[in-house]
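K.L.:
Provided herewith: coords35.tsv, TSV, C-alpha atoms and all ligand atoms.
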```tsv
chain	number	residue	atom	x	y	z
L	118	MET	CA	47.21	-50.62	-59.47
L	119	ALA	CA	45.56	-48.73	-62.35
L	120	THR	CA	42.86	-49.98	-64.68
L	121	VAL	CA	41.55	-47.98	-67.58
L	122	VAL	CA	38.00	-48.88	-68.50
L	123	GLY	CA	37.18	-47.51	-71.95
L	124	SER	CA	38.41	-43.93	-72.33
L	125	GLU	CA	36.21	-42.46	-69.63
L	126	LEU	CA	37.14	-44.28	-66.46
L	127	ASP	CA	40.56	-44.63	-64.94
L	128	LEU	CA	40.45	-46.72	-61.78
L	129	ARG	CA	43.34	-46.79	-59.37
L	130	LEU	CA	43.29	-49.20	-56.47
L	131	PHE	CA	45.46	-48.69	-53.41
L	132	SER	CA	45.93	-50.73	-50.29
L	133	TYR	CA	46.49	-48.86	-47.02
L	134	ARG	CA	49.16	-51.46	-46.34
L	135	GLU	CA	51.34	-50.13	-49.17
L	136	THR	CA	51.76	-46.75	-47.49
L	137	THR	CA	51.16	-47.34	-43.79
L	138	PRO	CA	53.75	-45.61	-41.59
L	139	LEU	CA	53.35	-48.41	-39.02
L	140	ARG	CA	55.47	-51.50	-38.76
L	141	SER	CA	54.48	-54.87	-40.19
L	142	GLY	CA	51.79	-53.39	-42.41
L	143	GLN	CA	49.58	-52.44	-39.47
L	144	ILE	CA	46.59	-50.29	-40.46
L	145	ASP	CA	44.09	-50.61	-37.61
L	146	ASP	CA	44.02	-50.69	-33.85
L	147	GLU	CA	41.87	-51.50	-30.84
L	148	PRO	CA	39.04	-49.07	-30.08
L	149	TYR	CA	39.55	-46.52	-27.30
L	150	GLY	CA	37.00	-47.22	-24.61
L	151	GLY	CA	37.22	-50.93	-25.27
L	152	GLY	CA	34.99	-53.27	-27.20
L	153	ALA	CA	35.34	-55.82	-29.91
L	154	GLY	CA	36.92	-55.32	-33.32
L	155	MET	CA	39.58	-53.15	-34.84
L	156	VAL	CA	39.31	-49.56	-36.08
L	157	LEU	CA	41.04	-48.15	-39.19
L	158	ARG	CA	43.63	-45.59	-38.05
L	159	VAL	CA	43.51	-41.93	-39.05
L	160	ASP	CA	47.30	-41.65	-39.47
L	161	VAL	CA	47.24	-44.60	-41.87
L	162	VAL	CA	44.58	-43.04	-44.10
L	163	ALA	CA	46.32	-39.64	-43.98
L	164	ALA	CA	49.57	-41.33	-45.08
L	165	ALA	CA	47.77	-43.06	-47.95
L	166	LEU	CA	46.27	-39.77	-49.19
L	167	ASP	CA	49.63	-37.99	-48.80
L	168	SER	CA	51.41	-40.71	-50.70
L	169	VAL	CA	48.92	-40.87	-53.58
L	170	TYR	CA	48.07	-37.15	-53.88
L	171	GLY	CA	50.95	-35.42	-52.10
L	172	GLY	CA	48.53	-34.01	-49.51
L	173	PRO	CA	44.80	-33.59	-49.10
L	174	PRO	CA	43.19	-34.18	-52.52
L	175	ALA	CA	41.51	-31.22	-54.23
L	176	HIS	CA	38.55	-33.47	-55.10
L	177	ARG	CA	35.84	-35.26	-53.13
L	178	VAL	CA	36.94	-38.01	-50.78
L	179	ILE	CA	34.11	-40.35	-49.85
L	180	ALA	CA	34.07	-42.73	-46.91
L	181	LEU	CA	31.89	-45.79	-47.46
L	182	THR	CA	30.11	-46.43	-44.19
L	183	PRO	CA	26.65	-47.52	-43.01
L	184	GLN	CA	26.43	-44.15	-41.20
L	185	GLY	CA	26.81	-42.21	-44.46
L	186	ARG	CA	24.24	-40.45	-46.63
L	187	GLN	CA	22.21	-43.03	-48.49
L	188	LEU	CA	23.31	-43.59	-52.08
L	189	THR	CA	20.47	-42.74	-54.44
L	190	GLN	CA	20.31	-42.22	-58.19
L	191	GLU	CA	20.35	-38.48	-57.48
L	192	VAL	CA	23.64	-38.85	-55.59
L	193	VAL	CA	25.02	-41.05	-58.39
L	194	GLU	CA	24.17	-38.38	-60.99
L	195	GLU	CA	25.90	-35.79	-58.82
L	196	LEU	CA	29.01	-37.95	-58.43
L	197	SER	CA	29.12	-38.85	-62.12
L	198	HIS	CA	29.89	-35.19	-62.90
L	199	GLU	CA	33.02	-35.19	-60.76
L	200	GLU	CA	36.32	-35.38	-62.63
L	201	HIS	CA	38.03	-37.24	-59.78
L	202	LEU	CA	36.79	-39.12	-56.73
L	203	THR	CA	38.49	-41.03	-53.97
L	204	LEU	CA	36.51	-43.81	-52.26
L	205	LEU	CA	37.69	-45.00	-48.87
L	206	SER	CA	36.78	-48.44	-47.70
L	207	SER	CA	37.14	-49.97	-44.25
L	208	ARG	CA	36.49	-53.29	-42.52
L	209	PHE	CA	35.99	-54.73	-39.01
L	210	GLU	CA	34.58	-51.91	-36.79
L	211	GLY	CA	35.08	-49.24	-39.45
L	212	PHE	CA	36.78	-45.84	-39.55
L	213	ASP	CA	38.30	-43.77	-36.76
L	214	GLU	CA	35.72	-40.95	-36.79
L	215	ARG	CA	38.46	-38.36	-37.43
L	216	ILE	CA	38.94	-39.85	-40.91
L	217	ILE	CA	35.35	-38.97	-41.76
L	218	GLU	CA	35.48	-35.57	-40.04
L	219	HIS	CA	38.83	-34.34	-41.29
L	220	LEU	CA	39.98	-36.37	-44.29
L	221	CYS	CA	36.69	-36.90	-46.15
L	222	THR	CA	34.28	-34.51	-47.82
L	223	ASP	CA	31.36	-36.95	-47.83
L	224	SER	CA	30.33	-40.31	-46.49
L	225	HIS	CA	27.91	-42.66	-48.21
L	226	SER	CA	26.03	-45.81	-47.34
L	227	ILE	CA	24.85	-48.15	-50.09
L	228	GLY	CA	21.90	-49.26	-47.98
L	229	PRO	CA	20.54	-49.88	-44.49
L	230	TYR	CA	22.43	-53.10	-43.83
L	231	VAL	CA	25.97	-53.97	-42.77
L	232	LEU	CA	28.48	-55.65	-45.06
L	233	SER	CA	31.79	-57.03	-43.86
L	234	ASN	CA	33.87	-54.39	-45.64
L	235	GLY	CA	33.72	-51.47	-48.06
L	236	ASP	CA	34.91	-53.33	-51.16
L	237	LEU	CA	31.46	-54.16	-52.49
L	238	PRO	CA	30.08	-50.70	-51.59
L	239	ALA	CA	32.99	-49.15	-53.55
L	240	MET	CA	32.22	-51.39	-56.54
L	241	VAL	CA	28.55	-50.49	-56.33
L	242	VAL	CA	29.38	-46.77	-56.40
L	243	ILE	CA	31.84	-47.25	-59.30
L	244	ASP	CA	29.38	-49.31	-61.33
L	245	ALA	CA	26.53	-46.87	-60.77
L	246	ILE	CA	28.75	-43.95	-61.83
L	247	ALA	CA	30.40	-45.77	-64.75
L	248	ARG	CA	27.10	-46.50	-66.47
L	249	ARG	CA	26.29	-42.77	-66.39
L	250	LEU	CA	29.51	-41.83	-68.22
L	251	PRO	CA	29.40	-40.89	-71.91
L	252	GLY	CA	29.43	-43.92	-74.19
L	253	ALA	CA	28.68	-46.47	-71.46
L	254	LEU	CA	25.13	-47.12	-72.65
L	255	SER	CA	23.55	-47.18	-76.06
L	256	GLU	CA	21.88	-43.87	-76.83
L	257	GLY	CA	18.74	-43.25	-74.80
L	258	SER	CA	18.85	-46.42	-72.73
L	259	GLY	CA	19.99	-44.61	-69.61
L	260	GLU	CA	17.54	-41.71	-69.93
L	261	ILE	CA	14.20	-43.33	-69.21
L	262	GLU	CA	14.84	-45.72	-66.38
L	263	SER	CA	13.97	-46.21	-62.75
L	264	PHE	CA	14.62	-43.13	-60.56
L	265	SER	CA	15.28	-40.89	-63.60
L	266	ASP	CA	13.88	-37.36	-63.89
L	267	GLU	CA	12.06	-38.52	-67.04
L	268	LEU	CA	10.00	-40.89	-64.89
L	269	GLY	CA	9.67	-38.38	-62.05
L	270	GLY	CA	11.85	-40.61	-59.85
L	271	ALA	CA	9.42	-43.54	-60.20
L	272	LEU	CA	10.24	-47.14	-61.07
L	273	GLU	CA	10.29	-48.09	-64.72
L	274	PHE	CA	7.37	-49.72	-66.55
L	275	PRO	CA	7.55	-53.49	-67.29
L	276	HIS	CA	9.44	-54.81	-70.31
L	277	PHE	CA	8.66	-57.82	-72.50
L	278	THR	CA	10.40	-59.57	-75.38
L	279	ARG	CA	9.79	-62.59	-77.65
L	280	PRO	CA	7.95	-64.91	-77.53
L	281	ALA	CA	4.70	-62.97	-77.47
L	282	GLU	CA	3.04	-65.91	-75.73
L	283	PHE	CA	4.66	-68.50	-73.46
L	284	ARG	CA	2.74	-71.10	-71.45
L	285	GLY	CA	-0.32	-68.97	-71.99
L	286	TRP	CA	1.41	-65.89	-70.56
L	287	GLN	CA	0.66	-63.10	-73.00
L	288	VAL	CA	2.57	-59.92	-73.73
L	289	PRO	CA	0.13	-56.98	-73.40
L	290	GLU	CA	-1.51	-56.54	-76.79
L	291	VAL	CA	-0.77	-52.82	-76.92
L	292	LEU	CA	3.00	-53.49	-77.03
L	293	LEU	CA	2.54	-55.58	-80.17
L	294	SER	CA	0.33	-52.99	-81.85
L	295	GLY	CA	3.06	-50.79	-83.35
L	296	ASP	CA	0.98	-47.78	-82.22
L	297	HIS	CA	3.61	-45.65	-80.49
L	298	GLY	CA	1.05	-43.22	-79.07
L	299	ARG	CA	-0.76	-46.06	-77.29
L	300	ILE	CA	2.51	-47.67	-76.26
L	301	ASP	CA	3.78	-44.42	-74.69
L	302	LEU	CA	0.48	-44.01	-72.86
L	303	TRP	CA	0.57	-47.63	-71.60
L	304	ARG	CA	4.13	-47.14	-70.37
L	305	LYS	CA	3.23	-43.90	-68.57
L	306	GLU	CA	0.34	-45.68	-66.89
L	307	HIS	CA	2.61	-48.53	-65.82
L	308	VAL	CA	5.47	-46.68	-64.11
L	309	ARG	CA	5.55	-47.95	-60.56
F	401	LIG	C1	31.43	-54.36	-40.60
F	401	LIG	S1	31.33	-52.78	-41.32
F	401	LIG	C2	31.36	-51.72	-39.92
F	401	LIG	C3	30.04	-51.60	-39.27
F	401	LIG	C4	30.02	-50.57	-38.15
F	401	LIG	N1	30.72	-51.05	-37.00
F	401	LIG	C5	28.60	-50.25	-37.81
F	401	LIG	O1	28.05	-50.84	-36.89
F	401	LIG	O2	28.01	-49.40	-38.51
F	401	LIG	C6	32.93	-52.56	-41.99
F	401	LIG	C7	33.03	-51.62	-43.15
F	401	LIG	O3	32.27	-52.11	-44.26
F	401	LIG	C8	31.80	-51.04	-45.05
F	401	LIG	N2	30.34	-51.11	-45.10
F	401	LIG	C9	29.57	-52.04	-44.51
F	401	LIG	N3	28.28	-51.84	-44.77
F	401	LIG	C10	28.22	-50.75	-45.56
F	401	LIG	C11	27.14	-50.04	-46.18
F	401	LIG	N4	25.87	-50.38	-46.00
F	401	LIG	N5	27.44	-48.97	-46.94
F	401	LIG	C12	28.73	-48.58	-47.11
F	401	LIG	N6	29.79	-49.21	-46.55
F	401	LIG	C13	29.53	-50.28	-45.79
F	401	LIG	C14	32.32	-49.76	-44.39
F	401	LIG	O4	33.53	-49.37	-45.03
F	401	LIG	C15	32.52	-50.22	-42.95
F	401	LIG	O5	33.43	-49.39	-42.27
```
Produce structure tokens that represent the structure in this file.
Ligand SMILES: C[S@@+](CC[C@H](N)C(=O)[O-])C[C@H]1O[C@@H](n2cnc3c(N)ncnc32)[C@H](O)[C@@H]1O

P.N.:
Amino acid sequence: MATVVGSELDLRLFSYRETTPLRSGQIDDEPYGGGAGMVLRVDVVAAALDSVYGGPPAHRVIALTPQGRQLTQEVVEELSHEEHLTLLSSRFEGFDERIIEHLCTDSHSIGPYVLSNGDLPAMVVIDAIARRLPGALSEGSGEIESFSDELGGALEFPHFTRPAEFRGWQVPEVLLSGDHGRIDLWRKEHVR
């Protein structure tokens, strides 16, 4: 299935079941050495890549796994410059390790916790990349934000909007002053 989001992002979704060489749509198997759960098979993922790309893709292929390199804004910036990416998702016990070693260029974790499958991690990666693409954000709004170089990797300063006072909770006076020098200074002092 293909979805074009704006003119910058072309998403294609594939199910391993569409291209599995195994009967009855099988894609996973019991772990060697025993234990609970099912493991995504290497031949199934190789068949999917062959079918979609006609062989190993020339671009980065990323396995989404808790054992992967932690996704950070720095990694997102790096990935947002790639013309093409393939994200591989798994479920149950995860990937046969040979998928990660031989069919992938990278593996990423979206955080130190375990989700039931890679669908949400894939969406997290796509969303984080998509908002860095040209035209996704109004000018400037993606430049000064948490984890950006402009803030030295720190967390953004607090924001406020109308009303200026609510239940006695006041917006800092400096932000109402119209004095951009003071406002910039206040914001610098309040990065976290
Ligand atoms: C239940 S998890 C597998 C957990 C694995 N047995 C372990 O102990 O690390 C199933 C799949 O969900 C995805 N997944 C779960 N948590 C993730 C995370 N934090 N980051 C990226 N992918 C994750 C991966 O595709 C993973 O193979």

K.L.:
Check which residues of chain L sit at most 7 Å from ligand LIG 401 (chain F) using all atoms listed in the file, and return one row each with the closest pair of atoms and their distance in Å to one decimal, ordered by chain and rising number, as a tab-separated table.

P.N.:
```
residue	atom	partner	partner_atom	distance
L:Ala180	CA	F:LIG401	O4	6.9
L:Leu181	CA	F:LIG401	N6	4.1
L:Thr182	CA	F:LIG401	N6	3.7
L:Pro183	CA	F:LIG401	C11	4.1
L:Gln184	CA	F:LIG401	O2	6.1
L:Ser206	CA	F:LIG401	O4	4.3
L:Ser207	CA	F:LIG401	O4	3.7
L:Arg208	CA	F:LIG401	C6	3.7
L:Phe209	CA	F:LIG401	C6	4.8
L:Glu210	CA	F:LIG401	N1	4.0
L:Gly211	CA	F:LIG401	O5	3.3
L:Phe212	CA	F:LIG401	O5	5.6
L:His225	CA	F:LIG401	C12	6.1
L:Ser226	CA	F:LIG401	N5	3.5
L:Ile227	CA	F:LIG401	N5	4.2
L:Gly228	CA	F:LIG401	N4	4.6
L:Pro229	CA	F:LIG401	N4	5.6
L:Tyr230	CA	F:LIG401	N4	4.9
L:Val231	CA	F:LIG401	N3	3.7
L:Leu232	CA	F:LIG401	C9	3.8
L:Ser233	CA	F:LIG401	C1	4.2
L:Asn234	CA	F:LIG401	O3	3.1
L:Gly235	CA	F:LIG401	C8	3.6
L:Pro238	CA	F:LIG401	C12	5.1
```

K.L.:
Ranking L:Leu254, L:His201, L:Ala247, L:Val308 by minimum distance to Tyr170 of chain L and counting all atoms listed in the file, which one comes first?

P.N.:
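When distances to Tyr170 of chain L are compared using all atoms listed in the file, the smallest one comes from L:His201.
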
K.L.:
Which residues, protein or nucleic acid, reach to within 10 Å of (29.3, -46.0, -72.2) in the file's coordinates when using all atoms listed in the file, and can you give that as a list in words?

P.N.:
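The residues near that point, listed by chain and number, are Val122, Gly123, Ser124, Glu125, Leu126, Ala247, Arg248, Arg249, Leu250, Pro251, Gly252, Ala253, Leu254, Ser255, Glu256 and Gly259 of chain L.
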
K.L.:
How many Å separate atom CA of Arg215 of chain L from atom CA of Asp236 of chain L?

P.N.:
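Atom CA of Asp236 of chain L lies 20.6 Å from atom CA of Arg215 of chain L.
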
K.L.:
Just the residues within 10 Å of Pro174 of chain L, please, counting all atoms listed in the file, with nothing from its chain fewer than 2 positions along; format it as a list in words.

P.N.:
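These residues fall inside the cut-off: Leu166, Asp167, Val169, Tyr170, Gly171, Gly172, His176, Arg177, Val178, His201, Leu202, Thr203, Leu220 and Cys221 of chain L.
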
K.L.:
Would you mind listing what lies within 9 Å of segment 278-281 of chain L as an mmCIF file with C-alpha atoms, keeping the file's coordinate frame, with all atoms listed in the file counted and same-chain residues fewer than 3 positions away left out?

P.N.:
```cif
data_model
loop_
_atom_site.group_PDB
_atom_site.id
_atom_site.type_symbol
_atom_site.label_atom_id
_atom_site.label_comp_id
_atom_site.auth_asym_id
_atom_site.auth_seq_id
_atom_site.Cartn_x
_atom_site.Cartn_y
_atom_site.Cartn_z
ATOM 1 C CA TRP L 286 1.410 -65.890 -70.560
ATOM 2 C CA GLN L 287 0.660 -63.100 -73.000
ATOM 3 C CA VAL L 288 2.570 -59.920 -73.730
ATOM 4 C CA PRO L 289 0.130 -56.980 -73.400
ATOM 5 C CA GLU L 290 -1.510 -56.540 -76.790
ATOM 6 C CA LEU L 293 2.540 -55.580 -80.170
#
```

K.L.:
Just how far from atom CA of Phe274 of chain L is atom CA of Glu195 of chain L, in Å to one decimal?

P.N.:
24.4 Å

K.L.:
For a quick check of understanding, using only C-alpha atoms, which of L:Leu205, L:Glu273, L:Thr222, L:Ile179 has the smallest distance to Leu157 of chain L?

P.N.:
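Closest to Leu157 of chain L, using only C-alpha atoms: L:Leu205.
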